[in-house]
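Encoded as C-alpha cells, the structure appears first; notes follow it.
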Amino acid sequence: MFRTFVVKFFKILFNTLMKTEITGTENIPQNGAAVLCSNHIHFFDSVAIVSHTKRMMYVIAKEELFKYKISNWFFKKVGVFPVSRGKGDSNAIDTANKHLQDGDLLLIFPEGTRNGFEKGVKFKKGAAYMALQNKVPVIPLGIVGTFKPFTKIKINIGKPIDIEEYIE
C-alpha cells in the first residue's frame, strides 16, 4: 500500500513537472521474471522507470543510499535493496536471485554509476550473470532527458533478449 502511494505520487509529480514519454511498455512481460537494464543519467532514473510501469519491480541501488535510518526504511518499503559496489556483494546477488526465482522484475544499471552510456564505460557483469544464472530474459531500457522542470524525459523499453542461446 505504501509503495503504491509512493509510485502514484511520483508518477503525478513527473507528469506535472516534466513531460514523460514512455514507449515499449508492451515489452515488459505481464508475469514472469526478467532483468531490466537501463542507462543511468540521473538520481531519479529508477523513480521515473518504476513510476511509469505497471508491474512491481525491485531495484538495486548503491549501499550509500541506505546509511540513514529513514532512507533505509523508505527504500526497503518501496522495493529497493543495497549493493556494495565493486566487491561482488553476495547478499545483493542472493536477494536479486531470490526475486528472479520468485518471478519478479529486477531493475539494474549495468554501468554501476551515473554515466548515461558515455563512450568507453564498460558494463559491470552482474546483470548478465543474474540473467544467465536464472535463465530469464534481459530487457534493455534507454532513458534520455535532463530531469529539469518542464523538460521532456523519454524512456524507451526494448524487446526482451532471450539469453537461452548463451546458456551452456
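Here's how to read the names in the C-alpha cells: chain A, B, ... by the order shown, residue numbers from 1 in each chain, ligand numbers from 1 in the order shown.
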
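Around Tyr129 (chain A), within 12 Å and counting only C-alpha atoms, the residues found are Val35, Gly88, Ile93, Ala96, Asn97, Ile108, Pro110, Phe123, Lys124, Lys125, Gly126, Leu132, Gln133, Asn134, Lys135, Val136, Pro137, Val138, Ile163, Tyr166 and Ile167 of chain A, once anything fewer than 3 positions away on its own chain is removed.
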
Restricting the output to C-alpha atoms, write the selected residues as a PDB file, in the first residue's frame.
ATOM      1  CA  VAL A  35      16.271  -8.305 -15.692  1.00  0.00           C
ATOM      2  CA  GLY A  88      30.947  -8.937  -5.566  1.00  0.00           C
ATOM      3  CA  ILE A  93      23.293 -11.262  -5.516  1.00  0.00           C
ATOM      4  CA  ALA A  96      18.412 -10.417  -6.667  1.00  0.00           C
ATOM      5  CA  ASN A  97      18.367 -14.156  -7.378  1.00  0.00           C
ATOM      6  CA  ILE A 108      19.707  -2.727 -12.617  1.00  0.00           C
ATOM      7  CA  PRO A 110      24.925  -2.135 -15.546  1.00  0.00           C
ATOM      8  CA  PHE A 123      29.296  -2.508 -18.122  1.00  0.00           C
ATOM      9  CA  LYS A 124      29.542  -4.471 -14.908  1.00  0.00           C
ATOM     10  CA  LYS A 125      28.810  -8.171 -15.342  1.00  0.00           C
ATOM     11  CA  GLY A 126      26.195  -8.538 -12.591  1.00  0.00           C
ATOM     12  CA  LEU A 132      22.119 -16.276 -17.162  1.00  0.00           C
ATOM     13  CA  GLN A 133      22.060 -17.880 -13.728  1.00  0.00           C
ATOM     14  CA  ASN A 134      18.272 -17.583 -13.505  1.00  0.00           C
ATOM     15  CA  LYS A 135      17.564 -18.207 -17.214  1.00  0.00           C
ATOM     16  CA  VAL A 136      15.482 -15.044 -17.569  1.00  0.00           C
ATOM     17  CA  PRO A 137      15.361 -12.503 -20.406  1.00  0.00           C
ATOM     18  CA  VAL A 138      17.141  -9.174 -20.347  1.00  0.00           C
ATOM     19  CA  ILE A 163      19.535 -15.488 -23.289  1.00  0.00           C
ATOM     20  CA  TYR A 166      24.137 -18.176 -24.263  1.00  0.00           C
ATOM     21  CA  ILE A 167      23.465 -20.898 -21.699  1.00  0.00           C
TER      22      ILE A 167
END

Contact residues around Phe150 (chain A) with only C-alpha atoms at 9 Å, ignoring same-chain residues under 5 positions, as a VMD selection string: chain A and resid 16 to 19

Keeping N, CA and C atoms for every residue in the selection just given, could you write it to a file as an mmCIF file, in the first residue's frame?
data_model
loop_
_atom_site.group_PDB
_atom_site.id
_atom_site.type_symbol
_atom_site.label_atom_id
_atom_site.label_comp_id
_atom_site.auth_asym_id
_atom_site.auth_seq_id
_atom_site.Cartn_x
_atom_site.Cartn_y
_atom_site.Cartn_z
ATOM 1 N N THR A 16 3.594 16.143 -14.006
ATOM 2 C CA THR A 16 3.288 17.551 -13.792
ATOM 3 C C THR A 16 4.496 18.431 -14.095
ATOM 4 N N LEU A 17 5.641 18.036 -13.583
ATOM 5 C CA LEU A 17 6.853 18.854 -13.735
ATOM 6 C C LEU A 17 7.599 18.619 -15.043
ATOM 7 N N MET A 18 7.445 17.450 -15.619
ATOM 8 C CA MET A 18 8.158 17.113 -16.845
ATOM 9 C C MET A 18 7.226 16.339 -17.750
ATOM 10 N N LYS A 19 7.455 16.452 -19.014
ATOM 11 C CA LYS A 19 6.694 15.628 -19.941
ATOM 12 C C LYS A 19 7.440 14.297 -20.046
#

Exercise: Asn31 (chain A) partners within 9 Å, only C-alpha atoms, chain neighbours under 6 positions left out, as a PyMOL selection string: chain A and resi 55+103-105

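In terms of minimum interatomic distance to Thr146 (chain A), A:Phe44 ranks closest within A:Tyr58, A:Phe2, A:Phe74, A:Phe44, counting only C-alpha atoms.
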
Quick check for you: according to DSSP on this backbone, which residues of chain A are classed as strand (DSSP E or B)? Reply as a PyMOL selection string. chain A and resi 19-23+34-38+57-62+80-83+105-108+138-144+152-157+161

Restrict the selected residues to C-alpha atoms and save them as a short mmCIF file (atom, residue, chain, number, x, y, z; two decimals), in the first residue's frame.
data_model
loop_
_atom_site.label_atom_id
_atom_site.label_comp_id
_atom_site.auth_asym_id
_atom_site.auth_seq_id
_atom_site.Cartn_x
_atom_site.Cartn_y
_atom_site.Cartn_z
CA LYS A 19 6.69 15.63 -19.94
CA THR A 20 7.43 11.93 -19.61
CA GLU A 21 7.21 9.92 -22.81
CA ILE A 22 7.47 6.16 -22.50
CA THR A 23 7.49 3.66 -25.36
CA ALA A 34 13.22 -10.50 -16.20
CA VAL A 35 16.27 -8.30 -15.69
CA LEU A 36 15.70 -4.74 -16.87
CA CYS A 37 18.95 -2.98 -17.78
CA SER A 38 18.97 0.79 -18.17
CA MET A 57 9.96 -4.23 -9.82
CA TYR A 58 12.86 -4.40 -7.45
CA VAL A 59 15.77 -2.02 -7.85
CA ILE A 60 19.42 -2.48 -6.92
CA ALA A 61 20.98 0.72 -5.54
CA LYS A 62 24.33 1.69 -4.06
CA VAL A 80 14.98 -1.07 -3.39
CA PHE A 81 17.83 -3.10 -1.95
CA PRO A 82 21.51 -2.24 -1.44
CA VAL A 83 24.61 -3.41 -3.22
CA LEU A 105 11.28 -7.90 -12.29
CA LEU A 106 14.73 -6.60 -11.38
CA LEU A 107 15.97 -3.17 -12.47
CA ILE A 108 19.71 -2.73 -12.62
CA VAL A 138 17.14 -9.17 -20.35
CA ILE A 139 15.06 -6.13 -21.24
CA PRO A 140 17.10 -3.12 -22.37
CA LEU A 141 15.90 0.37 -21.42
CA GLY A 142 17.17 3.72 -22.58
CA ILE A 143 16.39 6.97 -20.82
CA VAL A 144 17.20 10.47 -22.02
CA LYS A 152 10.97 16.12 -21.60
CA ILE A 153 12.12 12.70 -20.39
CA LYS A 154 12.00 9.80 -22.81
CA ILE A 155 12.05 6.19 -21.68
CA ASN A 156 12.33 3.52 -24.36
CA ILE A 157 11.83 -0.10 -23.37
CA ILE A 161 16.62 -10.51 -25.22
#

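CA of Gln101 (chain A) is positioned 22.4 Å from CA of Gly158 (chain A).
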
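Separating CA of Thr53 (chain A) from CA of Arg3 (chain A) is a distance of 13.3 Å.
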
One number please: CA of Ile70 (chain A) to CA of Ser84 (chain A), in Å, one decimal. 19.1 Å

Secondary structure check, alpha helix (DSSP H) residues of region 36-114 of chain A, as a ChimeraX atom specification: /A:45-51,69-77,90-101

Save the residues we just selected, N, CA and C atoms, as a PDB file, in the first residue's frame?
ATOM      1  N   ASP A  45      16.354   8.345 -12.265  1.00  0.00           N
ATOM      2  CA  ASP A  45      16.091   7.392 -13.351  1.00  0.00           C
ATOM      3  C   ASP A  45      15.188   6.253 -12.898  1.00  0.00           C
ATOM      4  N   SER A  46      15.570   5.625 -11.811  1.00  0.00           N
ATOM      5  CA  SER A  46      14.801   4.462 -11.355  1.00  0.00           C
ATOM      6  C   SER A  46      13.385   4.864 -10.961  1.00  0.00           C
ATOM      7  N   VAL A  47      13.238   6.038 -10.362  1.00  0.00           N
ATOM      8  CA  VAL A  47      11.909   6.514  -9.968  1.00  0.00           C
ATOM      9  C   VAL A  47      11.047   6.724 -11.212  1.00  0.00           C
ATOM     10  N   ALA A  48      11.619   7.325 -12.243  1.00  0.00           N
ATOM     11  CA  ALA A  48      10.876   7.552 -13.492  1.00  0.00           C
ATOM     12  C   ALA A  48      10.440   6.229 -14.110  1.00  0.00           C
ATOM     13  N   ILE A  49      11.342   5.257 -14.138  1.00  0.00           N
ATOM     14  CA  ILE A  49      11.029   3.953 -14.738  1.00  0.00           C
ATOM     15  C   ILE A  49       9.970   3.224 -13.922  1.00  0.00           C
ATOM     16  N   VAL A  50      10.186   3.111 -12.621  1.00  0.00           N
ATOM     17  CA  VAL A  50       9.257   2.375 -11.761  1.00  0.00           C
ATOM     18  C   VAL A  50       7.873   3.021 -11.759  1.00  0.00           C
ATOM     19  N   SER A  51       7.819   4.343 -11.734  1.00  0.00           N
ATOM     20  CA  SER A  51       6.519   5.011 -11.647  1.00  0.00           C
ATOM     21  C   SER A  51       5.745   4.999 -12.969  1.00  0.00           C
ATOM     22  N   LYS A  69      18.680   5.945   8.817  1.00  0.00           N
ATOM     23  CA  LYS A  69      17.538   5.103   9.179  1.00  0.00           C
ATOM     24  C   LYS A  69      16.314   5.380   8.312  1.00  0.00           C
ATOM     25  N   ILE A  70      16.035   6.652   8.081  1.00  0.00           N
ATOM     26  CA  ILE A  70      14.830   6.997   7.314  1.00  0.00           C
ATOM     27  C   ILE A  70      14.961   6.566   5.853  1.00  0.00           C
ATOM     28  N   SER A  71      16.123   6.784   5.248  1.00  0.00           N
ATOM     29  CA  SER A  71      16.286   6.363   3.848  1.00  0.00           C
ATOM     30  C   SER A  71      16.329   4.837   3.751  1.00  0.00           C
ATOM     31  N   ASN A  72      16.942   4.190   4.713  1.00  0.00           N
ATOM     32  CA  ASN A  72      16.979   2.728   4.746  1.00  0.00           C
ATOM     33  C   ASN A  72      15.552   2.183   4.803  1.00  0.00           C
ATOM     34  N   TRP A  73      14.743   2.717   5.703  1.00  0.00           N
ATOM     35  CA  TRP A  73      13.352   2.291   5.841  1.00  0.00           C
ATOM     36  C   TRP A  73      12.582   2.544   4.547  1.00  0.00           C
ATOM     37  N   PHE A  74      12.697   3.769   4.011  1.00  0.00           N
ATOM     38  CA  PHE A  74      11.949   4.162   2.822  1.00  0.00           C
ATOM     39  C   PHE A  74      12.289   3.270   1.633  1.00  0.00           C
ATOM     40  N   PHE A  75      13.580   3.115   1.347  1.00  0.00           N
ATOM     41  CA  PHE A  75      13.980   2.329   0.173  1.00  0.00           C
ATOM     42  C   PHE A  75      13.535   0.881   0.289  1.00  0.00           C
ATOM     43  N   LYS A  76      13.656   0.309   1.446  1.00  0.00           N
ATOM     44  CA  LYS A  76      13.222  -1.083   1.611  1.00  0.00           C
ATOM     45  C   LYS A  76      11.715  -1.231   1.437  1.00  0.00           C
ATOM     46  N   LYS A  77      10.950  -0.222   1.866  1.00  0.00           N
ATOM     47  CA  LYS A  77       9.492  -0.256   1.720  1.00  0.00           C
ATOM     48  C   LYS A  77       9.049  -0.185   0.259  1.00  0.00           C
ATOM     49  N   SER A  90      27.694 -10.650  -2.165  1.00  0.00           N
ATOM     50  CA  SER A  90      26.909 -11.890  -2.203  1.00  0.00           C
ATOM     51  C   SER A  90      25.504 -11.698  -1.651  1.00  0.00           C
ATOM     52  N   ASN A  91      25.313 -10.797  -0.681  1.00  0.00           N
ATOM     53  CA  ASN A  91      23.959 -10.544  -0.166  1.00  0.00           C
ATOM     54  C   ASN A  91      23.069  -9.941  -1.249  1.00  0.00           C
ATOM     55  N   ALA A  92      23.605  -8.990  -1.995  1.00  0.00           N
ATOM     56  CA  ALA A  92      22.824  -8.370  -3.076  1.00  0.00           C
ATOM     57  C   ALA A  92      22.523  -9.394  -4.164  1.00  0.00           C
ATOM     58  N   ILE A  93      23.494 -10.224  -4.497  1.00  0.00           N
ATOM     59  CA  ILE A  93      23.293 -11.262  -5.516  1.00  0.00           C
ATOM     60  C   ILE A  93      22.224 -12.247  -5.051  1.00  0.00           C
ATOM     61  N   ASP A  94      22.294 -12.661  -3.788  1.00  0.00           N
ATOM     62  CA  ASP A  94      21.292 -13.587  -3.247  1.00  0.00           C
ATOM     63  C   ASP A  94      19.889 -12.968  -3.276  1.00  0.00           C
ATOM     64  N   THR A  95      19.790 -11.686  -2.903  1.00  0.00           N
ATOM     65  CA  THR A  95      18.495 -11.002  -2.911  1.00  0.00           C
ATOM     66  C   THR A  95      17.957 -10.902  -4.331  1.00  0.00           C
ATOM     67  N   ALA A  96      18.817 -10.523  -5.265  1.00  0.00           N
ATOM     68  CA  ALA A  96      18.412 -10.417  -6.667  1.00  0.00           C
ATOM     69  C   ALA A  96      17.961 -11.772  -7.197  1.00  0.00           C
ATOM     70  N   ASN A  97      18.729 -12.809  -6.926  1.00  0.00           N
ATOM     71  CA  ASN A  97      18.367 -14.156  -7.378  1.00  0.00           C
ATOM     72  C   ASN A  97      17.038 -14.606  -6.795  1.00  0.00           C
ATOM     73  N   LYS A  98      16.798 -14.295  -5.534  1.00  0.00           N
ATOM     74  CA  LYS A  98      15.530 -14.677  -4.902  1.00  0.00           C
ATOM     75  C   LYS A  98      14.359 -13.995  -5.616  1.00  0.00           C
ATOM     76  N   HIS A  99      14.514 -12.712  -5.905  1.00  0.00           N
ATOM     77  CA  HIS A  99      13.436 -12.007  -6.605  1.00  0.00           C
ATOM     78  C   HIS A  99      13.198 -12.611  -7.986  1.00  0.00           C
ATOM     79  N   LEU A 100      14.250 -12.919  -8.710  1.00  0.00           N
ATOM     80  CA  LEU A 100      14.100 -13.506 -10.042  1.00  0.00           C
ATOM     81  C   LEU A 100      13.483 -14.905  -9.958  1.00  0.00           C
ATOM     82  N   GLN A 101      13.892 -15.684  -8.974  1.00  0.00           N
ATOM     83  CA  GLN A 101      13.315 -17.021  -8.793  1.00  0.00           C
ATOM     84  C   GLN A 101      11.837 -16.946  -8.412  1.00  0.00           C
TER      85      GLN A 101
END
